[in-house]
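Shown below: work15.txt, with compact mmCIF, N, CA and C atoms.
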# COMPACT_ATOMS: atom_id res chain seq x y z
N MET A 1 -28.53 5.01 12.98
CA MET A 1 -28.85 4.35 11.75
C MET A 1 -27.97 3.09 11.63
N LEU A 2 -28.57 2.01 11.24
CA LEU A 2 -27.84 0.75 11.06
C LEU A 2 -27.16 0.73 9.71
N LYS A 3 -25.90 0.37 9.71
CA LYS A 3 -25.17 0.17 8.47
C LYS A 3 -24.59 -1.24 8.52
N VAL A 4 -24.89 -2.03 7.53
CA VAL A 4 -24.43 -3.42 7.48
C VAL A 4 -23.40 -3.55 6.35
N ASN A 5 -22.25 -4.07 6.69
CA ASN A 5 -21.22 -4.35 5.70
C ASN A 5 -21.17 -5.85 5.48
N ARG A 6 -21.19 -6.26 4.25
CA ARG A 6 -21.12 -7.68 3.92
C ARG A 6 -19.77 -7.99 3.31
N SER A 7 -19.32 -9.19 3.57
CA SER A 7 -18.05 -9.61 2.98
C SER A 7 -18.05 -11.12 2.81
N ILE A 8 -17.15 -11.57 1.98
CA ILE A 8 -16.91 -13.00 1.79
C ILE A 8 -15.56 -13.29 2.42
N THR A 9 -15.48 -14.32 3.24
CA THR A 9 -14.23 -14.70 3.89
C THR A 9 -13.83 -16.09 3.43
N LEU A 10 -12.58 -16.22 3.05
CA LEU A 10 -12.02 -17.52 2.67
C LEU A 10 -10.86 -17.83 3.61
N ASN A 11 -10.81 -19.05 4.09
CA ASN A 11 -9.72 -19.51 4.96
C ASN A 11 -9.18 -20.82 4.41
N GLY A 12 -7.89 -21.01 4.51
CA GLY A 12 -7.29 -22.26 4.06
C GLY A 12 -6.02 -22.56 4.85
N THR A 13 -5.53 -23.75 4.69
CA THR A 13 -4.28 -24.14 5.34
C THR A 13 -3.43 -24.92 4.35
N SER A 14 -2.13 -24.89 4.58
CA SER A 14 -1.20 -25.76 3.86
C SER A 14 -0.74 -26.79 4.87
N GLU A 15 -1.10 -28.04 4.61
CA GLU A 15 -0.76 -29.12 5.54
C GLU A 15 0.26 -30.04 4.92
N ILE A 16 1.25 -30.39 5.71
CA ILE A 16 2.29 -31.32 5.30
C ILE A 16 2.26 -32.49 6.28
N ASP A 17 1.91 -33.67 5.80
CA ASP A 17 1.82 -34.87 6.64
C ASP A 17 0.98 -34.62 7.89
N GLY A 18 -0.14 -33.91 7.73
CA GLY A 18 -1.07 -33.66 8.83
C GLY A 18 -0.73 -32.48 9.72
N ALA A 19 0.41 -31.85 9.50
CA ALA A 19 0.80 -30.68 10.31
C ALA A 19 0.60 -29.42 9.48
N ILE A 20 0.14 -28.37 10.11
CA ILE A 20 -0.13 -27.12 9.41
C ILE A 20 1.15 -26.29 9.31
N ALA A 21 1.54 -26.00 8.07
CA ALA A 21 2.73 -25.18 7.81
C ALA A 21 2.36 -23.70 7.71
N ALA A 22 1.16 -23.42 7.14
CA ALA A 22 0.76 -22.03 6.95
C ALA A 22 -0.76 -21.92 6.90
N TYR A 23 -1.24 -20.76 7.30
CA TYR A 23 -2.65 -20.42 7.23
C TYR A 23 -2.83 -19.37 6.13
N PHE A 24 -3.94 -19.46 5.40
CA PHE A 24 -4.28 -18.48 4.37
C PHE A 24 -5.61 -17.85 4.73
N HIS A 25 -5.73 -16.55 4.48
CA HIS A 25 -6.96 -15.84 4.78
C HIS A 25 -7.20 -14.79 3.71
N GLY A 26 -8.44 -14.68 3.28
CA GLY A 26 -8.81 -13.64 2.33
C GLY A 26 -10.19 -13.10 2.67
N THR A 27 -10.36 -11.81 2.48
CA THR A 27 -11.65 -11.17 2.70
C THR A 27 -11.97 -10.32 1.49
N ILE A 28 -13.19 -10.47 0.99
CA ILE A 28 -13.67 -9.69 -0.14
C ILE A 28 -14.85 -8.87 0.36
N GLY A 29 -14.70 -7.55 0.37
CA GLY A 29 -15.77 -6.67 0.82
C GLY A 29 -16.71 -6.32 -0.31
N GLU A 30 -17.76 -5.59 0.03
CA GLU A 30 -18.67 -5.09 -0.99
C GLU A 30 -17.91 -4.16 -1.92
N GLU A 31 -18.41 -4.00 -3.14
CA GLU A 31 -17.73 -3.17 -4.13
C GLU A 31 -17.41 -1.78 -3.59
N SER A 32 -18.32 -1.18 -2.87
CA SER A 32 -18.13 0.19 -2.38
C SER A 32 -17.11 0.29 -1.25
N GLN A 33 -16.74 -0.86 -0.65
CA GLN A 33 -15.83 -0.82 0.50
C GLN A 33 -14.36 -0.72 0.09
N ASN A 34 -14.01 -1.29 -1.06
CA ASN A 34 -12.63 -1.22 -1.53
C ASN A 34 -11.62 -1.73 -0.51
N ASN A 35 -11.92 -2.81 0.17
CA ASN A 35 -11.01 -3.28 1.21
C ASN A 35 -10.72 -4.78 1.14
N ASP A 36 -10.57 -5.30 -0.07
CA ASP A 36 -10.22 -6.71 -0.21
C ASP A 36 -8.80 -6.95 0.29
N ASN A 37 -8.58 -8.10 0.89
CA ASN A 37 -7.22 -8.43 1.33
C ASN A 37 -7.01 -9.93 1.31
N ILE A 38 -5.76 -10.31 1.19
CA ILE A 38 -5.37 -11.72 1.17
C ILE A 38 -4.01 -11.82 1.86
N ASN A 39 -3.83 -12.87 2.68
CA ASN A 39 -2.54 -13.01 3.35
C ASN A 39 -2.24 -14.45 3.71
N MET A 40 -0.96 -14.68 4.01
CA MET A 40 -0.48 -15.98 4.46
C MET A 40 0.27 -15.77 5.76
N THR A 41 0.01 -16.63 6.73
CA THR A 41 0.73 -16.61 8.00
C THR A 41 1.44 -17.94 8.16
N ILE A 42 2.74 -17.90 8.35
CA ILE A 42 3.50 -19.13 8.54
C ILE A 42 3.28 -19.62 9.97
N ALA A 43 2.78 -20.84 10.09
CA ALA A 43 2.47 -21.41 11.41
C ALA A 43 3.65 -22.16 12.00
N ASP A 44 4.45 -22.77 11.14
CA ASP A 44 5.59 -23.57 11.59
C ASP A 44 6.74 -23.27 10.64
N LYS A 45 7.66 -22.43 11.08
CA LYS A 45 8.75 -21.94 10.22
C LYS A 45 9.62 -23.08 9.70
N SER A 46 9.98 -24.02 10.54
CA SER A 46 10.85 -25.11 10.09
C SER A 46 10.12 -26.00 9.08
N LEU A 47 8.83 -26.25 9.30
CA LEU A 47 8.04 -27.05 8.36
C LEU A 47 7.89 -26.29 7.04
N TYR A 48 7.66 -24.98 7.13
CA TYR A 48 7.57 -24.14 5.93
C TYR A 48 8.88 -24.18 5.15
N ASP A 49 10.00 -23.95 5.85
CA ASP A 49 11.31 -23.93 5.19
C ASP A 49 11.61 -25.25 4.49
N ALA A 50 11.24 -26.35 5.11
CA ALA A 50 11.51 -27.68 4.54
C ALA A 50 10.59 -28.01 3.37
N ASN A 51 9.47 -27.29 3.26
CA ASN A 51 8.46 -27.59 2.24
C ASN A 51 8.00 -26.33 1.51
N LYS A 52 8.90 -25.40 1.35
CA LYS A 52 8.56 -24.08 0.81
C LYS A 52 7.84 -24.15 -0.53
N GLN A 53 8.30 -24.99 -1.44
CA GLN A 53 7.66 -25.08 -2.76
C GLN A 53 6.21 -25.54 -2.64
N GLN A 54 5.95 -26.52 -1.80
CA GLN A 54 4.58 -27.02 -1.64
C GLN A 54 3.68 -25.96 -1.02
N VAL A 55 4.17 -25.28 0.02
CA VAL A 55 3.37 -24.24 0.68
C VAL A 55 3.08 -23.11 -0.30
N GLN A 56 4.08 -22.71 -1.07
CA GLN A 56 3.87 -21.63 -2.04
C GLN A 56 2.90 -22.07 -3.14
N ALA A 57 2.94 -23.32 -3.53
CA ALA A 57 1.99 -23.84 -4.51
C ALA A 57 0.58 -23.83 -3.92
N ASP A 58 0.45 -24.22 -2.65
CA ASP A 58 -0.85 -24.18 -1.99
C ASP A 58 -1.37 -22.76 -1.92
N PHE A 59 -0.49 -21.79 -1.62
CA PHE A 59 -0.91 -20.39 -1.55
C PHE A 59 -1.33 -19.88 -2.93
N ALA A 60 -0.63 -20.29 -3.97
CA ALA A 60 -1.01 -19.90 -5.33
C ALA A 60 -2.40 -20.44 -5.66
N GLU A 61 -2.68 -21.67 -5.25
CA GLU A 61 -4.01 -22.25 -5.47
C GLU A 61 -5.06 -21.48 -4.67
N PHE A 62 -4.72 -21.10 -3.44
CA PHE A 62 -5.64 -20.30 -2.62
C PHE A 62 -5.92 -18.96 -3.30
N CYS A 63 -4.87 -18.34 -3.85
CA CYS A 63 -5.04 -17.06 -4.55
C CYS A 63 -5.98 -17.21 -5.74
N THR A 64 -5.87 -18.31 -6.46
CA THR A 64 -6.77 -18.56 -7.59
C THR A 64 -8.21 -18.64 -7.11
N GLU A 65 -8.45 -19.33 -5.99
CA GLU A 65 -9.79 -19.40 -5.41
C GLU A 65 -10.28 -18.01 -5.01
N PHE A 66 -9.39 -17.24 -4.40
CA PHE A 66 -9.72 -15.87 -3.95
C PHE A 66 -10.12 -15.00 -5.14
N TYR A 67 -9.30 -15.02 -6.19
CA TYR A 67 -9.58 -14.18 -7.36
C TYR A 67 -10.87 -14.63 -8.06
N GLY A 68 -11.14 -15.93 -8.03
CA GLY A 68 -12.41 -16.42 -8.59
C GLY A 68 -13.61 -15.89 -7.81
N ALA A 69 -13.49 -15.91 -6.49
CA ALA A 69 -14.59 -15.41 -5.64
C ALA A 69 -14.71 -13.89 -5.78
N GLN A 70 -13.60 -13.25 -6.10
CA GLN A 70 -13.57 -11.80 -6.26
C GLN A 70 -14.19 -11.40 -7.60
N GLY A 71 -14.27 -12.36 -8.50
CA GLY A 71 -14.83 -12.06 -9.81
C GLY A 71 -13.77 -11.79 -10.85
N GLY A 72 -12.53 -12.13 -10.53
CA GLY A 72 -11.43 -11.92 -11.46
C GLY A 72 -11.07 -13.17 -12.21
N GLU A 73 -9.99 -13.09 -12.92
CA GLU A 73 -9.51 -14.22 -13.73
C GLU A 73 -8.75 -15.19 -12.86

Serialized structure, structure tokens:
Amino acid sequence: MLKVNRSITLNGTSEIDGAIAAYFHGTIGEESQNNDNINMTIADKSLYDANKQQVQADFAEFCTEFYGAQGGE
């Protein structure tokens, strides 16, 4: 029997002067799956450390997009 799972995937990056400091990823599954997730991966530790406030602000903005797609506030 075929079972199809649907999800929404969001991807983003935090870029500083054209270089990627961090990657953002979020997945929203169907209601019955209960497996939504969101994460940040630091791509360049020294760039992240030097621009931590900007990267964290970018991640906060990504989270807002994620929660909007999830149907939250």

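Residues in contact with Ala19 (chain A) at up to 8 Å, not including ones fewer than 5 positions away on its chain and judged by all atoms listed in the file, are Thr13, Ser14, Asp44 and Leu47 of chain A.
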
- Would you mind writing down, as a PyMOL selection string, each residue of chain A that DSSP on the backbone assigns to helix (DSSP H, G or I)? chain A and resi 45-50+52-70

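Comparing A:Gln70, A:Asn11, A:Thr41, A:Asn5 by their smallest distance to Ile28 (chain A), the closest is A:Gln70 (using only C-alpha atoms).
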
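Minimum atom-to-atom distances from A:Phe59, A:Tyr67, A:Tyr48, A:Tyr23 to Ile8 (chain A) were compared using only C-alpha atoms, and the lowest value belongs to A:Tyr67.
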
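Atom N of Gln54 (chain A) is positioned 20.6 Å from CA of Leu10 (chain A).
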
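Computed from the coordinates, the CA of Met40 (chain A) to CA of His25 (chain A) distance equals 6.5 Å.
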
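Distance-wise, CA of Asn51 (chain A) and CA of Asn37 (chain A) end up 24.8 Å apart.
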
- Item | Per-residue DSSP, chain A, filtered to strand (DSSP E), as a list in words | Ser7, Ile8, Thr9, Leu10, Asn11, Gly12, Thr13, Ser14, Glu15, Ile16, Ala19, Ile20, Ala21, Ala22, Tyr23, Phe24, His25, Gly26, Thr27, Ile28, Gly29, Asn37, Ile38, Asn39, Met40, Thr41 and Ile42 of chain A

For the residues selected in the previous step, produce a file with N, CA and C atoms as a PDB file, in the frame of the given file.
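For reference, part_30.pdb as written:
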ATOM      1  N   SER A   7     -19.320  -9.190   3.570  1.00  0.00           N
ATOM      2  CA  SER A   7     -18.050  -9.610   2.980  1.00  0.00           C
ATOM      3  C   SER A   7     -18.050 -11.120   2.810  1.00  0.00           C
ATOM      4  N   ILE A   8     -17.150 -11.570   1.980  1.00  0.00           N
ATOM      5  CA  ILE A   8     -16.910 -13.000   1.790  1.00  0.00           C
ATOM      6  C   ILE A   8     -15.560 -13.290   2.420  1.00  0.00           C
ATOM      7  N   THR A   9     -15.480 -14.320   3.240  1.00  0.00           N
ATOM      8  CA  THR A   9     -14.230 -14.700   3.890  1.00  0.00           C
ATOM      9  C   THR A   9     -13.830 -16.090   3.430  1.00  0.00           C
ATOM     10  N   LEU A  10     -12.580 -16.220   3.050  1.00  0.00           N
ATOM     11  CA  LEU A  10     -12.020 -17.520   2.670  1.00  0.00           C
ATOM     12  C   LEU A  10     -10.860 -17.830   3.610  1.00  0.00           C
ATOM     13  N   ASN A  11     -10.810 -19.050   4.090  1.00  0.00           N
ATOM     14  CA  ASN A  11      -9.720 -19.510   4.960  1.00  0.00           C
ATOM     15  C   ASN A  11      -9.180 -20.820   4.410  1.00  0.00           C
ATOM     16  N   GLY A  12      -7.890 -21.010   4.510  1.00  0.00           N
ATOM     17  CA  GLY A  12      -7.290 -22.260   4.060  1.00  0.00           C
ATOM     18  C   GLY A  12      -6.020 -22.560   4.850  1.00  0.00           C
ATOM     19  N   THR A  13      -5.530 -23.750   4.690  1.00  0.00           N
ATOM     20  CA  THR A  13      -4.280 -24.140   5.340  1.00  0.00           C
ATOM     21  C   THR A  13      -3.430 -24.920   4.350  1.00  0.00           C
ATOM     22  N   SER A  14      -2.130 -24.890   4.580  1.00  0.00           N
ATOM     23  CA  SER A  14      -1.200 -25.760   3.860  1.00  0.00           C
ATOM     24  C   SER A  14      -0.740 -26.790   4.870  1.00  0.00           C
ATOM     25  N   GLU A  15      -1.100 -28.040   4.610  1.00  0.00           N
ATOM     26  CA  GLU A  15      -0.760 -29.120   5.540  1.00  0.00           C
ATOM     27  C   GLU A  15       0.260 -30.040   4.920  1.00  0.00           C
ATOM     28  N   ILE A  16       1.250 -30.390   5.710  1.00  0.00           N
ATOM     29  CA  ILE A  16       2.290 -31.320   5.300  1.00  0.00           C
ATOM     30  C   ILE A  16       2.260 -32.490   6.280  1.00  0.00           C
ATOM     31  N   ALA A  19       0.410 -31.850   9.500  1.00  0.00           N
ATOM     32  CA  ALA A  19       0.800 -30.680  10.310  1.00  0.00           C
ATOM     33  C   ALA A  19       0.600 -29.420   9.480  1.00  0.00           C
ATOM     34  N   ILE A  20       0.140 -28.370  10.110  1.00  0.00           N
ATOM     35  CA  ILE A  20      -0.130 -27.120   9.410  1.00  0.00           C
ATOM     36  C   ILE A  20       1.150 -26.290   9.310  1.00  0.00           C
ATOM     37  N   ALA A  21       1.540 -26.000   8.070  1.00  0.00           N
ATOM     38  CA  ALA A  21       2.730 -25.180   7.810  1.00  0.00           C
ATOM     39  C   ALA A  21       2.360 -23.700   7.710  1.00  0.00           C
ATOM     40  N   ALA A  22       1.160 -23.420   7.140  1.00  0.00           N
ATOM     41  CA  ALA A  22       0.760 -22.030   6.950  1.00  0.00           C
ATOM     42  C   ALA A  22      -0.760 -21.920   6.900  1.00  0.00           C
ATOM     43  N   TYR A  23      -1.240 -20.760   7.300  1.00  0.00           N
ATOM     44  CA  TYR A  23      -2.650 -20.420   7.230  1.00  0.00           C
ATOM     45  C   TYR A  23      -2.830 -19.370   6.130  1.00  0.00           C
ATOM     46  N   PHE A  24      -3.940 -19.460   5.400  1.00  0.00           N
ATOM     47  CA  PHE A  24      -4.280 -18.480   4.370  1.00  0.00           C
ATOM     48  C   PHE A  24      -5.610 -17.850   4.730  1.00  0.00           C
ATOM     49  N   HIS A  25      -5.730 -16.550   4.480  1.00  0.00           N
ATOM     50  CA  HIS A  25      -6.960 -15.840   4.780  1.00  0.00           C
ATOM     51  C   HIS A  25      -7.200 -14.790   3.710  1.00  0.00           C
ATOM     52  N   GLY A  26      -8.440 -14.680   3.280  1.00  0.00           N
ATOM     53  CA  GLY A  26      -8.810 -13.640   2.330  1.00  0.00           C
ATOM     54  C   GLY A  26     -10.190 -13.100   2.670  1.00  0.00           C
ATOM     55  N   THR A  27     -10.360 -11.810   2.480  1.00  0.00           N
ATOM     56  CA  THR A  27     -11.650 -11.170   2.700  1.00  0.00           C
ATOM     57  C   THR A  27     -11.970 -10.320   1.490  1.00  0.00           C
ATOM     58  N   ILE A  28     -13.190 -10.470   0.990  1.00  0.00           N
ATOM     59  CA  ILE A  28     -13.670  -9.690  -0.140  1.00  0.00           C
ATOM     60  C   ILE A  28     -14.850  -8.870   0.360  1.00  0.00           C
ATOM     61  N   GLY A  29     -14.700  -7.550   0.370  1.00  0.00           N
ATOM     62  CA  GLY A  29     -15.770  -6.670   0.820  1.00  0.00           C
ATOM     63  C   GLY A  29     -16.710  -6.320  -0.310  1.00  0.00           C
ATOM     64  N   ASN A  37      -8.580  -8.100   0.890  1.00  0.00           N
ATOM     65  CA  ASN A  37      -7.220  -8.430   1.330  1.00  0.00           C
ATOM     66  C   ASN A  37      -7.010  -9.930   1.310  1.00  0.00           C
ATOM     67  N   ILE A  38      -5.760 -10.310   1.190  1.00  0.00           N
ATOM     68  CA  ILE A  38      -5.370 -11.720   1.170  1.00  0.00           C
ATOM     69  C   ILE A  38      -4.010 -11.820   1.860  1.00  0.00           C
ATOM     70  N   ASN A  39      -3.830 -12.870   2.680  1.00  0.00           N
ATOM     71  CA  ASN A  39      -2.540 -13.010   3.350  1.00  0.00           C
ATOM     72  C   ASN A  39      -2.240 -14.450   3.710  1.00  0.00           C
ATOM     73  N   MET A  40      -0.960 -14.680   4.010  1.00  0.00           N
ATOM     74  CA  MET A  40      -0.480 -15.980   4.460  1.00  0.00           C
ATOM     75  C   MET A  40       0.270 -15.770   5.760  1.00  0.00           C
ATOM     76  N   THR A  41       0.010 -16.630   6.730  1.00  0.00           N
ATOM     77  CA  THR A  41       0.730 -16.610   8.000  1.00  0.00           C
ATOM     78  C   THR A  41       1.440 -17.940   8.160  1.00  0.00           C
ATOM     79  N   ILE A  42       2.740 -17.900   8.350  1.00  0.00           N
ATOM     80  CA  ILE A  42       3.500 -19.130   8.540  1.00  0.00           C
ATOM     81  C   ILE A  42       3.280 -19.620   9.970  1.00  0.00           C
TER      82      ILE A  42
END

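Distances to Thr27 (chain A) were evaluated for A:Thr9, A:Glu15, A:Val55, A:Val4 using only N, CA and C atoms, and the minimum falls at A:Thr9.
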
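Among the candidate residues A:Ala21, A:Ala69, A:Met1, A:Ala60, the one lying nearest to Ala43 (chain A) is A:Ala21, with distances computed using only N, CA and C atoms.
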
From the structure just shown, export region 48-64 of chain A with C-alpha atoms as a CSV table (one decimal), in the first residue's frame.
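Once written, result_1.csv looks like this:
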chain,number,residue,atom,x,y,z
A,48,TYR,CA,29.4,33.7,13.0
A,49,ASP,CA,31.4,34.8,16.1
A,50,ALA,CA,32.3,38.1,14.5
A,51,ASN,CA,28.6,38.7,13.5
A,52,LYS,CA,26.7,36.8,16.2
A,53,GLN,CA,24.0,39.4,16.7
A,54,GLN,CA,23.2,39.7,13.0
A,55,VAL,CA,23.1,35.9,12.5
A,56,GLN,CA,20.8,35.5,15.5
A,57,ALA,CA,18.6,38.3,14.2
A,58,ASP,CA,18.4,36.5,10.8
A,59,PHE,CA,17.5,33.2,12.6
A,60,ALA,CA,14.8,35.0,14.6
A,61,GLU,CA,13.4,36.2,11.3
A,62,PHE,CA,13.6,32.7,9.8
A,63,CYS,CA,11.7,31.4,12.9
A,64,THR,CA,9.0,34.0,12.3
